[in-house]
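J.: See structure03.tsv below, with TSV, N, CA and C atoms.
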```
chain	number	residue	atom	x	y	z
L	1	LYS	N	-28.35	18.21	9.29
L	1	LYS	CA	-27.17	17.43	9.01
L	1	LYS	C	-27.41	16.59	7.75
L	2	LEU	N	-26.45	16.64	6.85
L	2	LEU	CA	-26.58	15.90	5.60
L	2	LEU	C	-26.22	14.43	5.79
L	3	PRO	N	-26.90	13.55	5.08
L	3	PRO	CA	-26.51	12.14	5.16
L	3	PRO	C	-25.15	11.94	4.49
L	4	PRO	N	-24.42	10.93	4.91
L	4	PRO	CA	-23.09	10.73	4.32
L	4	PRO	C	-23.19	10.34	2.86
L	5	GLY	N	-22.22	10.78	2.08
L	5	GLY	CA	-22.15	10.40	0.67
L	5	GLY	C	-21.28	9.17	0.52
L	6	VAL	N	-21.26	8.63	-0.68
L	6	VAL	CA	-20.48	7.42	-0.92
L	6	VAL	C	-18.99	7.68	-0.81
L	7	MET	N	-18.55	8.93	-1.02
L	7	MET	CA	-17.12	9.25	-0.95
L	7	MET	C	-16.62	9.25	0.50
L	8	GLU	N	-17.52	9.26	1.46
L	8	GLU	CA	-17.13	9.32	2.86
L	8	GLU	C	-16.63	7.97	3.37
L	9	HIS	N	-17.02	6.90	2.75
L	9	HIS	CA	-16.67	5.56	3.22
L	9	HIS	C	-15.80	4.85	2.19
L	10	PHE	N	-14.66	4.32	2.64
L	10	PHE	CA	-13.73	3.67	1.71
L	10	PHE	C	-14.36	2.47	1.02
L	11	GLU	N	-15.34	1.83	1.66
L	11	GLU	CA	-15.97	0.65	1.07
L	11	GLU	C	-16.75	1.00	-0.19
L	12	THR	N	-17.26	2.22	-0.28
L	12	THR	CA	-18.11	2.60	-1.41
L	12	THR	C	-17.51	3.72	-2.26
L	13	ALA	N	-16.43	4.33	-1.83
L	13	ALA	CA	-15.87	5.49	-2.54
L	13	ALA	C	-15.50	5.17	-3.99
L	14	THR	N	-14.93	3.99	-4.23
L	14	THR	CA	-14.48	3.68	-5.59
L	14	THR	C	-15.62	3.40	-6.55
L	15	ARG	N	-16.83	3.32	-6.04
L	15	ARG	CA	-18.00	3.15	-6.93
L	15	ARG	C	-18.50	4.48	-7.46
L	16	ASP	N	-18.04	5.57	-6.88
L	16	ASP	CA	-18.43	6.91	-7.34
L	16	ASP	C	-17.51	7.30	-8.49
L	17	PRO	N	-18.07	7.61	-9.67
L	17	PRO	CA	-17.21	7.97	-10.82
L	17	PRO	C	-16.29	9.16	-10.55
L	18	SER	N	-16.69	10.04	-9.67
L	18	SER	CA	-15.84	11.20	-9.40
L	18	SER	C	-14.62	10.85	-8.54
L	19	PHE	N	-14.64	9.68	-7.90
L	19	PHE	CA	-13.53	9.28	-7.04
L	19	PHE	C	-12.22	9.24	-7.83
L	20	PHE	N	-12.23	8.58	-8.98
L	20	PHE	CA	-10.99	8.41	-9.74
L	20	PHE	C	-10.54	9.73	-10.36
L	21	ARG	N	-11.48	10.58	-10.74
L	21	ARG	CA	-11.11	11.90	-11.26
L	21	ARG	C	-10.45	12.72	-10.15
L	22	LEU	N	-11.02	12.69	-8.95
L	22	LEU	CA	-10.43	13.41	-7.82
L	22	LEU	C	-9.07	12.82	-7.45
L	23	HIS	N	-8.99	11.49	-7.44
L	23	HIS	CA	-7.73	10.83	-7.10
L	23	HIS	C	-6.64	11.20	-8.10
L	24	LYS	N	-6.97	11.18	-9.39
L	24	LYS	CA	-6.00	11.54	-10.42
L	24	LYS	C	-5.56	13.00	-10.27
L	25	TYR	N	-6.50	13.87	-9.95
L	25	TYR	CA	-6.19	15.29	-9.76
L	25	TYR	C	-5.22	15.47	-8.59
L	26	MET	N	-5.50	14.80	-7.47
L	26	MET	CA	-4.63	14.92	-6.29
L	26	MET	C	-3.25	14.31	-6.58
L	27	ASN	N	-3.20	13.18	-7.28
L	27	ASN	CA	-1.92	12.60	-7.67
L	27	ASN	C	-1.13	13.54	-8.55
L	28	GLY	N	-1.82	14.25	-9.45
L	28	GLY	CA	-1.15	15.22	-10.31
L	28	GLY	C	-0.54	16.36	-9.53
L	29	ILE	N	-1.25	16.85	-8.52
L	29	ILE	CA	-0.71	17.92	-7.67
L	29	ILE	C	0.55	17.44	-6.96
L	30	PHE	N	0.50	16.23	-6.41
L	30	PHE	CA	1.65	15.70	-5.69
L	30	PHE	C	2.82	15.45	-6.63
L	31	LYS	N	2.55	14.92	-7.83
L	31	LYS	CA	3.62	14.67	-8.80
L	31	LYS	C	4.27	15.99	-9.23
L	32	THR	N	3.48	17.01	-9.46
L	32	THR	CA	4.03	18.32	-9.82
L	32	THR	C	4.96	18.83	-8.72
L	33	TYR	N	4.54	18.67	-7.47
L	33	TYR	CA	5.39	19.08	-6.35
L	33	TYR	C	6.69	18.27	-6.32
L	34	LYS	N	6.58	16.93	-6.44
L	34	LYS	CA	7.77	16.09	-6.40
L	34	LYS	C	8.72	16.42	-7.55
L	35	ASP	N	8.17	16.68	-8.74
L	35	ASP	CA	9.00	17.00	-9.89
L	35	ASP	C	9.72	18.33	-9.73
L	36	SER	N	9.21	19.19	-8.85
L	36	SER	CA	9.86	20.50	-8.64
L	36	SER	C	11.04	20.41	-7.67
L	37	LEU	N	11.17	19.28	-6.97
L	37	LEU	CA	12.25	19.11	-6.01
L	37	LEU	C	13.53	18.68	-6.71
L	38	PRO	N	14.68	19.08	-6.19
L	38	PRO	CA	15.93	18.62	-6.80
L	38	PRO	C	16.14	17.13	-6.52
L	39	SER	N	16.91	16.47	-7.39
L	39	SER	CA	17.23	15.05	-7.20
L	39	SER	C	18.09	14.88	-5.96
L	40	TYR	N	17.96	13.72	-5.32
L	40	TYR	CA	18.83	13.41	-4.19
L	40	TYR	C	20.26	13.25	-4.67
L	41	THR	N	21.18	13.62	-3.83
L	41	THR	CA	22.60	13.41	-4.14
L	41	THR	C	23.04	12.12	-3.48
L	42	GLU	N	24.19	11.60	-3.91
L	42	GLU	CA	24.73	10.39	-3.30
L	42	GLU	C	25.04	10.61	-1.82
L	43	GLU	N	25.46	11.81	-1.47
L	43	GLU	CA	25.75	12.13	-0.06
L	43	GLU	C	24.48	12.08	0.78
L	44	GLU	N	23.35	12.50	0.21
L	44	GLU	CA	22.09	12.48	0.96
L	44	GLU	C	21.57	11.06	1.16
L	45	LEU	N	21.76	10.21	0.17
L	45	LEU	CA	21.24	8.84	0.25
L	45	LEU	C	22.22	7.86	0.87
L	46	GLY	N	23.50	8.13	0.72
L	46	GLY	CA	24.52	7.21	1.23
L	46	GLY	C	24.64	7.28	2.75
L	47	TYR	N	25.21	6.23	3.31
L	47	TYR	CA	25.43	6.18	4.75
L	47	TYR	C	26.74	5.43	4.96
L	48	SER	N	27.80	6.17	5.12
L	48	SER	CA	29.14	5.59	5.12
L	48	SER	C	29.47	4.80	6.39
L	49	ASN	N	28.67	4.93	7.43
L	49	ASN	CA	28.94	4.22	8.68
L	49	ASN	C	28.66	2.72	8.58
L	50	VAL	N	27.80	2.32	7.63
L	50	VAL	CA	27.35	0.93	7.56
L	50	VAL	C	27.70	0.33	6.20
L	51	GLU	N	28.15	-0.93	6.23
L	51	GLU	CA	28.37	-1.71	5.02
L	51	GLU	C	27.51	-2.95	5.13
L	52	ILE	N	26.61	-3.14	4.17
L	52	ILE	CA	25.78	-4.35	4.13
L	52	ILE	C	26.61	-5.45	3.51
L	53	THR	N	26.80	-6.54	4.27
L	53	THR	CA	27.66	-7.63	3.79
L	53	THR	C	26.88	-8.77	3.14
L	54	SER	N	25.63	-8.97	3.53
L	54	SER	CA	24.81	-9.99	2.87
L	54	SER	C	23.33	-9.74	3.15
L	55	VAL	N	22.50	-10.20	2.21
L	55	VAL	CA	21.05	-10.12	2.35
L	55	VAL	C	20.49	-11.47	1.94
L	56	GLY	N	19.63	-12.03	2.78
L	56	GLY	CA	19.01	-13.32	2.49
L	56	GLY	C	17.55	-13.33	2.87
L	57	VAL	N	16.83	-14.32	2.39
L	57	VAL	CA	15.41	-14.46	2.69
L	57	VAL	C	15.17	-15.86	3.23
L	58	ASP	N	14.52	-15.95	4.39
L	58	ASP	CA	14.07	-17.23	4.94
L	58	ASP	C	12.64	-17.44	4.50
L	59	GLY	N	12.36	-18.55	3.85
L	59	GLY	CA	11.03	-18.82	3.33
L	59	GLY	C	10.94	-18.38	1.88
L	60	GLU	N	9.80	-18.69	1.27
L	60	GLU	CA	9.58	-18.34	-0.12
L	60	GLU	C	8.98	-16.95	-0.20
L	61	LEU	N	9.61	-16.09	-0.95
L	61	LEU	CA	9.13	-14.73	-1.13
L	61	LEU	C	8.07	-14.76	-2.22
L	62	SER	N	6.82	-15.01	-1.82
L	62	SER	CA	5.74	-15.26	-2.76
L	62	SER	C	4.46	-14.58	-2.29
L	63	THR	N	3.80	-13.89	-3.21
L	63	THR	CA	2.52	-13.25	-2.90
L	63	THR	C	1.41	-13.95	-3.67
L	64	PHE	N	0.19	-13.77	-3.22
L	64	PHE	CA	-0.96	-14.37	-3.88
L	64	PHE	C	-2.20	-13.56	-3.53
L	65	PHE	N	-3.22	-13.70	-4.37
L	65	PHE	CA	-4.50	-13.06	-4.10
L	65	PHE	C	-5.40	-14.06	-3.40
L	66	GLU	N	-6.17	-13.57	-2.42
L	66	GLU	CA	-7.13	-14.41	-1.72
L	66	GLU	C	-8.45	-13.67	-1.62
L	67	GLU	N	-9.52	-14.44	-1.49
L	67	GLU	CA	-10.85	-13.85	-1.32
L	67	GLU	C	-10.99	-13.39	0.13
L	68	PHE	N	-11.58	-12.21	0.31
L	68	PHE	CA	-11.71	-11.61	1.63
L	68	PHE	C	-13.10	-11.01	1.74
L	69	GLU	N	-13.80	-11.33	2.82
L	69	GLU	CA	-15.14	-10.77	3.04
L	69	GLU	C	-15.02	-9.51	3.89
L	70	ILE	N	-15.62	-8.43	3.41
L	70	ILE	CA	-15.54	-7.15	4.12
L	70	ILE	C	-16.94	-6.74	4.57
L	71	ASP	N	-17.04	-6.28	5.81
L	71	ASP	CA	-18.29	-5.85	6.41
L	71	ASP	C	-18.61	-4.43	5.93
L	72	LEU	N	-19.80	-4.23	5.37
L	72	LEU	CA	-20.20	-2.92	4.84
L	72	LEU	C	-21.25	-2.22	5.71
L	73	ARG	N	-21.51	-2.73	6.91
L	73	ARG	CA	-22.56	-2.12	7.73
L	73	ARG	C	-22.26	-0.68	8.11
L	74	ASN	N	-20.97	-0.31	8.28
L	74	ASN	CA	-20.68	1.07	8.65
L	74	ASN	C	-20.85	2.03	7.47
L	75	ALA	N	-21.14	1.51	6.27
L	75	ALA	CA	-21.41	2.37	5.11
L	75	ALA	C	-22.90	2.68	4.98
L	76	LEU	N	-23.73	2.07	5.83
L	76	LEU	CA	-25.18	2.31	5.78
L	76	LEU	C	-25.54	3.60	6.50
L	77	ASP	N	-26.63	4.19	6.06
L	77	ASP	CA	-27.18	5.36	6.73
L	77	ASP	C	-27.56	4.94	8.15
L	78	GLY	N	-27.19	5.74	9.14
L	78	GLY	CA	-27.41	5.41	10.55
L	78	GLY	C	-28.86	5.24	10.93
L	79	SER	N	-29.80	5.77	10.14
L	79	SER	CA	-31.21	5.66	10.49
L	79	SER	C	-31.78	4.28	10.13
L	80	ARG	N	-31.02	3.50	9.37
L	80	ARG	CA	-31.49	2.16	8.98
L	80	ARG	C	-31.04	1.13	10.01
L	81	ALA	N	-31.66	-0.01	9.93
L	81	ALA	CA	-31.30	-1.09	10.87
L	81	ALA	C	-29.86	-1.52	10.65
L	82	THR	N	-29.11	-1.66	11.75
L	82	THR	CA	-27.71	-2.06	11.63
L	82	THR	C	-27.50	-3.53	11.97
L	83	ASP	N	-28.60	-4.24	12.28
L	83	ASP	CA	-28.47	-5.65	12.60
L	83	ASP	C	-28.55	-6.54	11.36
L	84	VAL	N	-28.65	-5.92	10.19
L	84	VAL	CA	-28.70	-6.66	8.94
L	84	VAL	C	-27.27	-6.87	8.45
L	85	GLU	N	-26.96	-8.09	8.04
L	85	GLU	CA	-25.62	-8.38	7.52
L	85	GLU	C	-25.49	-7.80	6.11
L	86	VAL	N	-24.50	-6.95	5.92
L	86	VAL	CA	-24.20	-6.40	4.60
L	86	VAL	C	-22.70	-6.55	4.40
L	87	SER	N	-22.33	-7.35	3.41
L	87	SER	CA	-20.91	-7.59	3.17
L	87	SER	C	-20.68	-7.85	1.69
L	88	THR	N	-19.42	-7.84	1.32
L	88	THR	CA	-19.03	-8.20	-0.03
L	88	THR	C	-17.74	-9.01	0.04
L	89	VAL	N	-17.47	-9.74	-1.00
L	89	VAL	CA	-16.25	-10.52	-1.09
L	89	VAL	C	-15.39	-9.90	-2.18
L	90	MET	N	-14.12	-9.68	-1.86
L	90	MET	CA	-13.21	-9.09	-2.83
L	90	MET	C	-11.85	-9.77	-2.72
L	91	SER	N	-11.03	-9.57	-3.73
L	91	SER	CA	-9.67	-10.13	-3.71
L	91	SER	C	-8.74	-9.16	-3.01
L	92	ARG	N	-7.81	-9.69	-2.26
L	92	ARG	CA	-6.77	-8.86	-1.65
L	92	ARG	C	-5.43	-9.58	-1.77
L	93	LEU	N	-4.38	-8.80	-1.79
L	93	LEU	CA	-3.03	-9.34	-1.92
L	93	LEU	C	-2.53	-9.79	-0.55
L	94	ASN	N	-1.96	-11.00	-0.49
L	94	ASN	CA	-1.38	-11.52	0.74
L	94	ASN	C	-0.03	-12.13	0.39
L	95	HIS	N	0.69	-12.66	1.38
L	95	HIS	CA	1.99	-13.25	1.12
L	95	HIS	C	2.23	-14.44	2.04
L	96	LYS	N	3.11	-15.33	1.58
L	96	LYS	CA	3.55	-16.43	2.44
L	96	LYS	C	4.51	-15.86	3.48
L	97	ASP	N	4.64	-16.56	4.60
L	97	ASP	CA	5.55	-16.10	5.66
L	97	ASP	C	6.99	-16.10	5.15
L	98	PHE	N	7.71	-15.04	5.46
L	98	PHE	CA	9.12	-14.95	5.11
L	98	PHE	C	9.79	-13.97	6.06
L	99	ALA	N	11.10	-13.99	6.07
L	99	ALA	CA	11.87	-13.05	6.89
L	99	ALA	C	13.13	-12.66	6.13
L	100	PHE	N	13.53	-11.42	6.26
L	100	PHE	CA	14.79	-10.95	5.68
L	100	PHE	C	15.90	-11.12	6.71
L	101	ASN	N	17.05	-11.54	6.27
L	101	ASN	CA	18.25	-11.58	7.10
L	101	ASN	C	19.28	-10.66	6.46
L	102	VAL	N	19.59	-9.59	7.16
L	102	VAL	CA	20.55	-8.62	6.64
L	102	VAL	C	21.73	-8.58	7.61
L	103	LYS	N	22.91	-8.82	7.09
L	103	LYS	CA	24.12	-8.74	7.91
L	103	LYS	C	24.88	-7.49	7.48
L	104	LEU	N	25.44	-6.81	8.47
L	104	LEU	CA	26.14	-5.57	8.18
L	104	LEU	C	27.27	-5.35	9.15
L	105	ASN	N	28.16	-4.46	8.77
L	105	ASN	CA	29.24	-3.99	9.64
L	105	ASN	C	29.06	-2.49	9.82
L	106	ALA	N	29.18	-2.04	11.07
L	106	ALA	CA	29.06	-0.61	11.36
L	106	ALA	C	30.33	-0.13	12.04
L	107	ASN	N	30.76	1.06	11.66
L	107	ASN	CA	31.95	1.65	12.26
L	107	ASN	C	31.67	2.14	13.68
L	108	THR	N	30.47	2.71	13.90
L	108	THR	CA	30.07	3.20	15.22
L	108	THR	C	28.63	2.79	15.47
L	109	ALA	N	28.23	2.76	16.74
L	109	ALA	CA	26.85	2.41	17.11
L	109	ALA	C	25.95	3.62	16.88
L	110	GLU	N	25.06	3.51	15.91
L	110	GLU	CA	24.08	4.57	15.60
L	110	GLU	C	22.77	3.91	15.19
L	111	THR	N	21.71	4.68	15.27
L	111	THR	CA	20.42	4.22	14.79
L	111	THR	C	20.30	4.59	13.32
L	112	ALA	N	19.91	3.63	12.49
L	112	ALA	CA	19.75	3.87	11.06
L	112	ALA	C	18.53	3.11	10.56
L	113	THR	N	18.01	3.54	9.43
L	113	THR	CA	16.86	2.91	8.81
L	113	THR	C	17.17	2.61	7.36
L	114	PHE	N	16.77	1.44	6.90
L	114	PHE	CA	16.84	1.16	5.46
L	114	PHE	C	15.51	0.56	5.04
L	115	ARG	N	15.20	0.70	3.76
L	115	ARG	CA	13.91	0.24	3.25
L	115	ARG	C	14.12	-0.80	2.17
L	116	ILE	N	13.19	-1.73	2.11
L	116	ILE	CA	13.16	-2.73	1.05
L	116	ILE	C	11.82	-2.56	0.34
L	117	PHE	N	11.85	-2.34	-0.95
L	117	PHE	CA	10.63	-2.14	-1.72
L	117	PHE	C	10.28	-3.43	-2.46
L	118	LEU	N	9.03	-3.87	-2.32
L	118	LEU	CA	8.55	-5.09	-2.95
L	118	LEU	C	7.33	-4.78	-3.81
L	119	CYS	N	7.11	-5.59	-4.83
L	119	CYS	CA	5.89	-5.49	-5.63
L	119	CYS	C	5.56	-6.88	-6.17
L	120	PRO	N	4.31	-7.12	-6.51
L	120	PRO	CA	3.95	-8.44	-7.04
L	120	PRO	C	4.51	-8.64	-8.46
L	121	LYS	N	4.79	-9.88	-8.80
L	121	LYS	CA	5.28	-10.21	-10.14
L	121	LYS	C	4.12	-10.41	-11.10
L	122	PHE	N	2.98	-10.94	-10.60
L	122	PHE	CA	1.81	-11.22	-11.43
L	122	PHE	C	0.60	-10.48	-10.88
L	123	ASP	N	-0.33	-10.11	-11.77
L	123	ASP	CA	-1.58	-9.51	-11.30
L	123	ASP	C	-2.56	-10.61	-10.92
L	124	ASN	N	-3.79	-10.23	-10.55
L	124	ASN	CA	-4.77	-11.23	-10.07
L	124	ASN	C	-5.27	-12.15	-11.18
L	125	ASN	N	-4.93	-11.86	-12.44
L	125	ASN	CA	-5.26	-12.75	-13.54
L	125	ASN	C	-4.09	-13.63	-13.95
L	126	GLY	N	-2.98	-13.55	-13.18
L	126	GLY	CA	-1.81	-14.37	-13.47
L	126	GLY	C	-0.93	-13.80	-14.57
L	127	ILE	N	-1.19	-12.56	-14.98
L	127	ILE	CA	-0.40	-11.93	-16.04
L	127	ILE	C	0.78	-11.21	-15.39
L	128	GLU	N	1.98	-11.45	-15.93
L	128	GLU	CA	3.19	-10.84	-15.37
L	128	GLU	C	3.19	-9.34	-15.65
L	129	TYR	N	3.55	-8.55	-14.61
L	129	TYR	CA	3.64	-7.09	-14.78
L	129	TYR	C	4.78	-6.73	-15.68
```
Kindly return the structure encoded in the file as structure tokens.
T.:
Amino acid sequence: KLPPGVMEHFETATRDPSFFRLHKYMNGIFKTYKDSLPSYTEEELGYSNVEITSVGVDGELSTFFEEFEIDLRNALDGSRATDVEVSTVMSRLNHKDFAFNVKLNANTAETATFRIFLCPKFDNNGIEY
């Protein structure tokens, strides 16, 4: 049985130079597939049964980076001692508490799904995207 490589564990995969080449290759395959699909029509995306009458946010819609300690013991070879603390500190994106309030009118009772897409305004260096 071969020992695990760095690509096997998410904690160490990004340290392998081949990770980003493989990731870019896989993204390219997916993008080629998506680009081959026809565009959505208004009929496919629209939903005439529901009218959204208002959208609001309770709380401040704000994200921030915070320091986070991650345990790396499961990235060690199993033959080594596992009682040794191995961790790293990294930044991760978090957000203040908030809630969306969406009011709508529906013609009939049906189950429906809608999505809200969010992204940060600033990167971890405070530079606006």
J.: Find the residues near stretch 63-77 of chain L: any atom within 5 Å, counting only N, CA and C atoms, skip ones fewer than 6 places away on the same chain, and give them as a list in words.
T.: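 Within the cut-off, the hits are Val86, Ser87, Thr88, Val89, Met90, Ser91, Arg92, Leu93, Asn94, His95 and Lys96 of chain L.
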J.: Name the residues of stretch 9-68 of chain L that fall into helix (DSSP H, G or I) according to DSSP on the backbone, using the chain letters and numbers of this document, as a PyMOL selection string.
T.: chain L and resi 10-13+17-36+42-45
J.: Residues near L:Thr53, anyone? I mean within 6.5 Å using only N, CA and C atoms, not counting same-chain ones fewer than 3 positions away, as a list in words.
T.: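 In the requested form, the answer reads Val102, Lys103, Leu104 and Asn105 of chain L.
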J.: One decimal, in Å: what's the spacing between atom CA of L:Phe114 and atom CA of L:Tyr47?
T.: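 Interatomic distance, atom CA of L:Phe114 to atom CA of L:Tyr47: 10.0 Å.
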J.: Pick out the residues sitting within 10 Å of L:Met7, and hand them over as a PyMOL selection string; count only C-alpha atoms, and ignore anything fewer than 6 positions along from it in its own chain.
T.: chain L and resi 13-19
J.: Mind listing the strand (DSSP E or B) residues of stretch 10-117 of chain L, per DSSP on the backbone, as a PyMOL selection string?
T.: chain L and resi 50-58+63-71+87-95+99-106
J.: Give me, please, the distance in Å between atom CA of L:Asn27 and atom CA of L:Ala112, quoted to one decimal.
T.: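 Atom CA of L:Ala112 lies at a distance of 29.9 Å from atom CA of L:Asn27.
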